[in-house]
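Here's final09.cif, which has mmCIF, C-alpha atoms:
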data_input
#
loop_
_atom_site.label_atom_id
_atom_site.label_comp_id
_atom_site.auth_asym_id
_atom_site.auth_seq_id
_atom_site.Cartn_x
_atom_site.Cartn_y
_atom_site.Cartn_z
CA MET A 198 158.34 128.23 127.68
CA LEU A 199 157.35 127.34 131.23
CA LYS A 200 159.22 124.68 133.19
CA SER A 201 157.59 122.51 135.80
CA MET A 202 159.26 121.98 139.14
CA THR A 203 158.25 118.30 139.01
CA GLY A 204 160.37 115.73 137.22
CA TYR A 205 162.64 112.69 137.37
CA GLY A 206 165.94 111.85 135.76
CA ARG A 207 168.60 109.16 135.98
CA GLY A 208 172.04 108.62 134.53
CA THR A 209 174.93 106.16 134.65
CA GLY A 210 178.68 106.57 134.42
CA HIS A 211 181.33 103.87 134.02
CA GLY A 212 185.05 104.01 134.67
CA ALA A 213 188.01 102.90 136.82
CA GLY A 214 186.39 99.57 137.63
CA TYR A 215 183.09 100.81 139.03
CA THR A 216 179.67 102.10 137.98
CA VAL A 217 178.03 105.27 139.29
CA GLY A 218 174.27 105.73 139.16
CA VAL A 219 172.58 109.09 139.75
CA GLU A 220 168.85 109.61 140.26
CA ILE A 221 167.24 113.04 140.58
CA ARG A 222 163.72 113.79 141.73
CA SER A 223 162.32 117.31 141.87
CA VAL A 224 159.03 118.58 143.29
CA ASN A 225 157.49 121.99 143.81
CA HIS A 226 158.83 124.14 146.63
CA ARG A 227 158.68 127.83 147.41
CA PHE A 228 162.47 128.15 147.25
CA ARG A 229 165.38 126.07 145.92
CA GLU A 230 166.42 123.23 148.18
CA ILE A 231 168.95 120.59 147.11
CA ALA A 232 169.63 117.41 149.08
CA ILE A 233 172.40 115.00 148.01
CA ARG A 234 172.66 111.44 149.29
CA GLY A 235 175.51 109.11 148.46
CA PRO A 236 178.53 107.24 149.83
CA ARG A 237 179.92 108.97 152.88
CA GLU A 238 183.45 109.02 151.51
CA TRP A 239 182.26 111.03 148.50
CA LEU A 240 181.18 114.07 150.49
CA ALA A 241 184.13 115.93 148.96
CA LEU A 242 182.16 116.06 145.69
CA GLU A 243 178.97 117.41 147.25
CA ASP A 244 179.66 121.11 146.64
CA ASP A 245 180.44 120.53 142.96
CA LEU A 246 177.31 118.43 142.54
CA ARG A 247 175.18 121.04 144.27
CA ARG A 248 176.52 123.81 142.01
CA ALA A 249 175.87 121.70 138.90
CA VAL A 250 172.26 121.13 139.95
CA ALA A 251 171.78 124.80 140.89
CA ARG A 252 172.87 125.87 137.39
CA GLU A 253 169.94 123.92 135.94
CA ILE A 254 167.28 124.46 138.62
CA SER A 255 166.42 127.78 140.25
CA ARG A 256 163.36 126.73 142.25
CA GLY A 257 162.02 123.51 143.77
CA ARG A 258 162.96 120.70 146.11
CA VAL A 259 165.60 118.47 144.47
CA ASP A 260 166.77 115.12 145.82
CA VAL A 261 169.92 113.60 144.29
CA TYR A 262 170.73 109.95 144.98
CA ILE A 263 174.18 108.53 144.13
CA SER A 264 174.93 104.82 144.12
CA VAL A 265 178.30 103.15 143.52
CA LEU A 266 178.72 99.56 142.40
CA PRO A 267 181.76 97.59 141.27
CA ASP A 268 181.88 97.02 137.55
CA PRO A 269 181.36 93.26 137.09
CA THR A 270 183.47 93.34 133.93
CA VAL A 271 186.51 94.53 135.86
CA GLY A 272 188.10 92.34 138.54
CA ASP A 273 186.29 89.94 140.82
CA PRO A 274 182.69 90.95 141.51
CA ALA A 275 182.85 89.21 144.90
CA ILE A 276 185.42 88.66 147.66
CA LEU A 277 185.91 85.28 149.36
CA ASP A 278 187.19 85.36 152.94
CA ILE A 279 189.28 82.15 152.99
CA ALA A 280 190.37 82.56 156.60
CA LEU A 281 186.79 82.90 157.78
CA ALA A 282 185.70 79.92 155.69
CA ARG A 283 188.43 77.74 157.27
CA ALA A 284 187.51 78.86 160.74
CA VAL A 285 183.84 78.08 160.10
CA LYS A 286 184.75 74.63 158.70
CA LYS A 287 186.91 73.80 161.70
CA ALA A 288 184.32 74.95 164.23
CA GLY A 289 181.52 73.18 162.38
CA ASP A 290 183.35 69.88 162.19
CA ALA A 291 184.27 70.08 165.88
CA LEU A 292 180.66 70.76 166.83
CA ALA A 293 179.40 67.87 164.66
CA ALA A 294 181.86 65.46 166.29
CA ASP A 295 180.97 66.67 169.77
CA LEU A 296 177.23 66.21 169.17
CA GLY A 297 177.64 62.88 167.44
CA PHE A 298 176.55 63.90 163.95
CA PRO A 299 178.04 61.65 161.27
CA ASP A 300 178.60 64.46 158.76
CA GLY A 301 180.56 67.64 159.31
CA ILE A 302 179.68 71.04 157.92
CA SER A 303 179.14 71.21 154.14
CA LEU A 304 180.41 73.73 151.58
CA ARG A 305 176.88 75.03 151.18
CA ASP A 306 176.70 75.68 154.90
CA ILE A 307 180.00 77.55 154.84
CA LEU A 308 178.99 79.76 151.90
CA ALA A 309 175.74 80.66 153.71
CA ILE A 310 177.67 82.20 156.61
CA PRO A 311 177.56 86.03 156.40
CA GLY A 312 180.93 87.48 155.48
CA VAL A 313 182.42 84.41 153.84
CA VAL A 314 181.41 85.75 150.43
CA ARG A 315 180.67 89.47 150.19
CA PRO A 316 180.31 91.99 147.37
CA GLN A 317 183.40 93.85 146.35
CA GLU A 318 183.32 97.33 147.84
CA ALA A 319 183.69 100.24 145.48
CA ALA A 320 186.22 102.15 147.52
CA VAL A 321 187.33 104.78 145.04
CA ASP A 322 189.20 108.01 145.42
CA PRO A 323 186.61 110.80 144.91
CA GLU A 324 188.99 112.75 142.71
CA VAL A 325 189.37 109.73 140.45
CA ALA A 326 185.61 109.32 140.45
CA ARG A 327 184.84 112.96 139.66
CA PRO A 328 184.57 112.67 135.83
CA VAL A 329 182.48 109.50 136.09
CA VAL A 330 180.09 111.12 138.56
CA LYS A 331 179.85 114.16 136.30
CA ARG A 332 178.86 112.02 133.32
CA ALA A 333 176.17 110.29 135.36
CA LEU A 334 174.89 113.57 136.80
CA ASP A 335 174.81 115.29 133.40
CA ALA A 336 172.78 112.44 131.94
CA ALA A 337 170.35 112.56 134.86
CA LEU A 338 169.98 116.34 134.56
CA ARG A 339 169.26 116.09 130.82
CA MET A 340 166.52 113.55 131.47
CA LEU A 341 165.14 115.68 134.31
CA ALA A 342 165.14 118.82 132.15
CA ALA A 343 163.24 117.03 129.38
CA ALA A 344 160.62 115.82 131.86
CA ARG A 345 160.24 119.30 133.35
CA ARG A 346 159.86 120.84 129.88
CA ARG A 347 157.15 118.34 128.91
CA GLU A 348 155.22 119.05 132.08
CA GLY A 349 155.84 122.77 131.60
CA GLU A 350 154.30 122.64 128.11
CA ARG A 351 151.17 121.07 129.56
CA LEU A 352 151.01 123.70 132.30
CA GLU A 353 151.50 126.52 129.79
CA GLU A 354 148.78 125.22 127.49
CA ASP A 355 146.34 125.03 130.39
CA ALA A 356 147.40 128.46 131.73
CA ARG A 357 146.91 130.11 128.32
CA HIS A 358 143.43 128.62 128.03
CA ARG A 359 142.42 129.98 131.43
CA PHE A 360 144.17 133.28 130.69
CA SER A 361 142.00 133.77 127.58
CA HIS A 362 138.88 133.20 129.66
CA LEU A 363 140.10 135.69 132.26
CA SER A 364 140.86 138.32 129.61
CA ARG A 365 137.34 138.00 128.21
CA LEU A 366 135.85 138.48 131.67
CA VAL A 367 137.90 141.65 132.24
CA GLU A 368 136.79 143.00 128.86
CA GLU A 369 133.15 142.28 129.66
CA ILE A 370 133.43 143.92 133.08
CA GLY A 371 134.92 147.02 131.43
CA LEU A 372 131.99 147.25 129.02
CA LEU A 373 129.45 146.75 131.79
CA ALA A 374 131.15 149.43 133.93
CA ALA A 375 130.24 152.04 131.32
CA ASP A 376 126.55 151.48 132.12
CA VAL A 377 126.95 152.00 135.88
CA PRO A 378 125.98 155.73 135.84
CA LYS A 379 122.84 154.91 133.83
CA GLU A 380 121.98 152.22 136.36
CA TYR A 381 122.42 154.68 139.22
CA ARG A 382 120.14 157.20 137.51
CA ARG A 383 117.50 154.54 136.91
CA ARG A 384 117.56 153.44 140.55
CA LEU A 385 117.46 157.02 141.79
CA GLU A 386 114.46 157.78 139.60
CA GLU A 387 112.72 154.67 140.86
CA LYS A 388 113.27 155.79 144.45
CA MET A 389 111.92 159.24 143.68
CA GLN A 390 108.80 157.72 142.16
CA GLU A 391 108.46 155.49 145.21
CA TRP A 392 108.76 158.49 147.55
CA ASN A 393 106.45 160.66 145.36
CA LEU A 394 109.26 163.15 144.65
CA PRO A 395 109.23 163.48 140.84
CA GLY A 396 109.71 167.09 139.82
CA VAL A 397 110.94 168.10 143.28
CA VAL A 398 114.59 167.53 142.40
CA ASP A 399 115.73 169.34 139.27
CA ALA A 400 117.73 167.67 136.52
CA GLY A 401 120.94 169.44 137.52
CA ARG A 402 120.80 168.15 141.04
CA MET A 403 119.98 164.69 139.73
CA ALA A 404 123.04 164.77 137.48
CA VAL A 405 125.28 165.82 140.37
CA GLU A 406 124.02 163.01 142.62
CA VAL A 407 124.43 160.44 139.88
CA ALA A 408 127.95 161.68 139.13
CA MET A 409 128.97 161.50 142.79
CA LEU A 410 127.64 157.97 143.20
CA ALA A 411 129.19 156.83 139.94
CA ASP A 412 132.56 158.30 140.93
CA ARG A 413 132.57 156.40 144.22
CA ALA A 414 131.69 153.20 142.39
CA SER A 415 134.06 153.76 139.47
CA ILE A 416 136.22 150.72 138.68
CA GLU A 417 138.13 152.33 135.82
CA GLU A 418 141.43 152.33 137.71
CA GLU A 419 140.99 148.68 138.67
CA ILE A 420 140.29 147.76 135.04
CA VAL A 421 143.42 149.63 133.90
CA ARG A 422 145.57 147.83 136.49
CA LEU A 423 144.03 144.47 135.60
CA SER A 424 144.82 145.05 131.93
CA SER A 425 148.42 145.81 132.89
CA HIS A 426 148.69 142.69 135.04
CA LEU A 427 147.22 140.56 132.26
CA GLY A 428 149.78 141.92 129.80
CA GLN A 429 152.64 141.12 132.17
CA PHE A 430 151.20 137.67 132.85
CA GLU A 431 151.00 136.85 129.14
CA ALA A 432 154.55 138.07 128.59
CA ALA A 433 155.81 135.92 131.47
CA LEU A 434 154.14 132.84 129.97
CA GLY A 435 156.39 133.20 126.92
CA SER A 436 159.58 133.83 128.89
CA ARG A 437 162.47 131.38 129.01
CA GLU A 438 163.37 132.51 132.52
CA ALA A 439 162.09 131.09 135.80
CA VAL A 440 158.85 133.05 136.20
CA GLY A 441 156.87 131.02 138.75
CA ARG A 442 157.19 133.57 141.55
CA ARG A 443 156.35 136.45 139.21
CA LEU A 444 153.23 134.67 138.00
CA GLU A 445 152.17 134.02 141.60
CA PHE A 446 152.65 137.70 142.45
CA LEU A 447 150.62 138.86 139.44
CA LEU A 448 147.78 136.50 140.33
CA GLN A 449 147.81 137.83 143.87
CA GLU A 450 147.55 141.40 142.57
CA MET A 451 144.69 140.44 140.25
CA PHE A 452 142.82 138.87 143.16
CA ARG A 453 143.11 142.18 144.97
CA GLU A 454 141.72 144.15 142.02
CA PHE A 455 138.77 141.80 141.55
CA ASN A 456 137.96 141.99 145.26
CA THR A 457 137.85 145.78 144.97
CA ILE A 458 135.65 145.64 141.87
CA GLY A 459 133.26 143.27 143.60
CA ALA A 460 132.97 145.62 146.56
CA LYS A 461 132.52 148.83 144.52
CA ALA A 462 130.40 147.92 141.52
CA CYS A 463 126.69 147.68 142.37
CA SER A 464 125.89 145.52 139.36
CA ALA A 465 124.68 141.93 139.41
CA GLU A 466 126.22 141.31 135.97
CA ILE A 467 129.60 142.58 137.11
CA ALA A 468 129.37 140.58 140.37
CA LEU A 469 128.75 137.36 138.42
CA ARG A 470 131.82 137.93 136.30
CA VAL A 471 133.93 138.78 139.34
CA VAL A 472 132.98 135.39 140.86
CA ASP A 473 133.89 133.63 137.60
CA ALA A 474 137.19 135.53 137.40
CA LYS A 475 138.18 134.63 140.96
CA THR A 476 137.43 130.98 140.20
CA VAL A 477 139.72 131.10 137.17
CA LEU A 478 142.41 132.86 139.23
CA GLU A 479 142.28 130.12 141.85
CA GLN A 480 142.69 127.46 139.14
CA LEU A 481 145.62 129.38 137.68
CA ARG A 482 147.23 129.70 141.09
CA GLU A 483 147.09 125.92 141.58
CA GLN A 484 148.88 125.43 138.26
CA VAL A 485 151.43 128.20 138.77
CA GLN A 486 152.50 126.67 142.09
CA ASN A 487 154.16 123.93 139.98
CA VAL A 488 156.00 126.37 137.70
CA GLU A 489 159.70 127.02 138.29
#
Starting from the coordinates I provided, produce the structure as structure tokens.
Amino acid sequence: MLKSMTGYGRGTGHGAGYTVGVEIRSVNHRFREIAIRGPREWLALEDDLRRAVAREISRGRVDVYISVLPDPTVGDPAILDIALARAVKKAGDALAADLGFPDGISLRDILAIPGVVRPQEAAVDPEVARPVVKRALDAALRMLAAARRREGERLEEDARHRFSHLSRLVEEIGLLAADVPKEYRRRLEEKMQEWNLPGVVDAGRMAVEVAMLADRASIEEEIVRLSSHLGQFEAALGSREAVGRRLEFLLQEMFREFNTIGAKACSAEIALRVVDAKTVLEQLREQVQNVE
């Protein structure tokens, strides 16, 4: 089953008076690249988090976001700075008296001053936080994996459909290639008629010329290699391993074989199928670029 490199997952962990949230976003990338963003004081956990992500993802750009909030069910969710509030009240009343305002500063005015009331900071020892972070990360990775599998199923279904079309084209090209010598003989005979040479060249010489031309234009080896590549491609589609790079390589090799066939085979029917095949290969390449 193919896995897409694109997905999203999130998870939450609770413990020790705080809540940890983890979000993971992954997109396609030629290699594996993991970026972790979170509280600065939790950098000690970064290596463990990176290894945990790497065990699940072998290819793609992965961004991990970690947020820490105090648990509102444990302790005071906010901190009141009494000293600052008193200082603000004293300064406000003094200013009101100096300017001749009848009323001093109100409680609402004091509470609106930045810093008087502030959220409780989740300053937690990373080692204490480790199991909570792990629970949140594991939940996010499970959600991400499910999303990548769903997208991978869609990619595989589409790839198999295009693969079937490509296999039919290769089969048709192989059948048409068997008629290439006959086509060469027909063209050679037409030229001889045009140049008024019938009977001048004996049948043996004609056979030799046709054989030489057919040998130079033979695409048998290319068809054999294409059949091999198609077999490997189909096998990779059913693999549980990360096969994105292998699929890209096989498509690249198939492009090369079709280019050679197009250059060697002097057949309009074969040329049409080569164009169709290269179109299908390009569509497959676009899809495979999203496969892990």
(request) Would you mind telling me which residue in A:Val477, A:Ala336, A:Leu444, A:Leu277 lies nearest to Val367 (chain A) when using only C-alpha atoms? (result) A:Val477
(message) Excluding Ala326 (chain A) and its own-chain neighbours fewer than 4 positions away, which residues fall within 12 Å of it when counting all atoms listed in the file? Please give them as a list in words.
(response)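 Contacts, with the query itself left out: Gly210, His211, Gly212, Ala213, Gly214, Tyr215, Thr216, Val217, Gly218, Pro236, Glu238, Trp239, Leu240, Ala241, Leu242, Val265, Ala319, Ala320, Val321, Asp322, Val330, Lys331, Arg332 and Ala333 of chain A.
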(request) Run the PyMOL selection byres ((chain A and resi 259) around 10) on the file and write out the hits as a ChimeraX atom specification. (result) /A:202-205,221-226,229-233,247,250-251,254,256-258,260-262
(request) Between A:Lys461, A:Asp244, A:Leu199, A:Val329, single out the one closest to Gly435 (chain A), counting all atoms listed in the file. (result) A:Leu199
As JSON, please report the centre and edge lengths, rounded to one decimal in Å, of the axis-aligned box that holds all listed atoms of region 462-469 of chain A with 3 Å of padding on each of the six sides.
{"center_x": 127.5, "center_y": 142.6, "center_z": 139.2, "size_x": 11.7, "size_y": 16.6, "size_z": 12.4}
Please evaluate the PyMOL selection byres ((chain A and resi 362) around 12) against the displayed coordinates and give the resulting residues as an mmCIF file with C-alpha atoms, in the frame of the given file.
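Okay, this is what ended up in part_0.cif:
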data_model
loop_
_atom_site.group_PDB
_atom_site.id
_atom_site.type_symbol
_atom_site.label_atom_id
_atom_site.label_comp_id
_atom_site.auth_asym_id
_atom_site.auth_seq_id
_atom_site.Cartn_x
_atom_site.Cartn_y
_atom_site.Cartn_z
ATOM 1 C CA ASP A 355 146.340 125.030 130.390
ATOM 2 C CA ALA A 356 147.400 128.460 131.730
ATOM 3 C CA ARG A 357 146.910 130.110 128.320
ATOM 4 C CA HIS A 358 143.430 128.620 128.030
ATOM 5 C CA ARG A 359 142.420 129.980 131.430
ATOM 6 C CA PHE A 360 144.170 133.280 130.690
ATOM 7 C CA SER A 361 142.000 133.770 127.580
ATOM 8 C CA LEU A 363 140.100 135.690 132.260
ATOM 9 C CA SER A 364 140.860 138.320 129.610
ATOM 10 C CA ARG A 365 137.340 138.000 128.210
ATOM 11 C CA LEU A 366 135.850 138.480 131.670
ATOM 12 C CA VAL A 367 137.900 141.650 132.240
ATOM 13 C CA GLU A 368 136.790 143.000 128.860
ATOM 14 C CA GLU A 369 133.150 142.280 129.660
ATOM 15 C CA LEU A 427 147.220 140.560 132.260
ATOM 16 C CA ARG A 470 131.820 137.930 136.300
ATOM 17 C CA ASP A 473 133.890 133.630 137.600
ATOM 18 C CA ALA A 474 137.190 135.530 137.400
ATOM 19 C CA LYS A 475 138.180 134.630 140.960
ATOM 20 C CA THR A 476 137.430 130.980 140.200
ATOM 21 C CA VAL A 477 139.720 131.100 137.170
ATOM 22 C CA LEU A 478 142.410 132.860 139.230
ATOM 23 C CA GLN A 480 142.690 127.460 139.140
ATOM 24 C CA LEU A 481 145.620 129.380 137.680
#
(request) Have a look at CA of Glu350 (chain A) and CA of Ser201 (chain A) and let me know their distance in Å, one decimal. (result)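 Value for the CA of Glu350 (chain A)-CA of Ser201 (chain A) distance: 8.4 Å.
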(message) I'd like the contact shell of Ala291 (chain A) - 10 Å cut-off, only C-alpha atoms, skipping same-chain residues fewer than 5 positions apart - returned as a list in words.
(response) Val285, Lys286, Leu296, Gly297, Gly301 and Ile302 of chain A
(request) For Ala342 (chain A), list every protein, DNA or RNA residue within 8 Å, evaluated using all atoms listed in the file, and leave out those in the same chain fewer than 4 positions away; present the list as a ChimeraX atom specification. (result) /A:204,206,253,338,346
(request) Name the residues captured by the PyMOL selection byres ((chain A and resi 447) around 10) when it is applied to the shown file; answer as a list in words. (result)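 The output of the PyMOL selection byres ((chain A and resi 447) around 10) on this file is Leu423, Ser425, His426, Leu427, Gln429, Phe430, Ala433, Arg442, Arg443, Leu444, Glu445, Phe446, Leu448, Gln449, Glu450, Met451, Phe452, Arg453 and Arg482 of chain A.
Look at everything within 6 Å of (134.3, 142.1, 139.4) using only C-alpha atoms, and the residues you get are Phe455, Ile458, Gly459, Ile467, Ala468, Arg470 and Val471 of chain A.
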(message) Could you tell me how far CA of Gln484 (chain A) sits from CA of Ser424 (chain A), in Å to one decimal place?
(response) 21.0 Å
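When all atoms listed in the file are used to compute distances to Ser255 (chain A), the closest of the residues A:Lys200, A:Arg422, A:Arg351, A:Lys287 turns out to be A:Lys200.
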(message) Using Å and a single decimal, report how far CA of Ala337 (chain A) sits from CA of Glu353 (chain A).
(response)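 Between these atoms lies a distance of 24.0 Å.
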(message) Using only C-alpha atoms for the distances, tell me which of A:Leu372, A:Leu246, A:Met198, A:Ile310 is nearest to Arg345 (chain A).
(response) A:Met198
(message) Using all atoms listed in the file, can you tell me which of A:Glu438, A:Glu489, A:Glu483, A:Glu419 comes closest to Ala460 (chain A)?
(response) A:Glu419
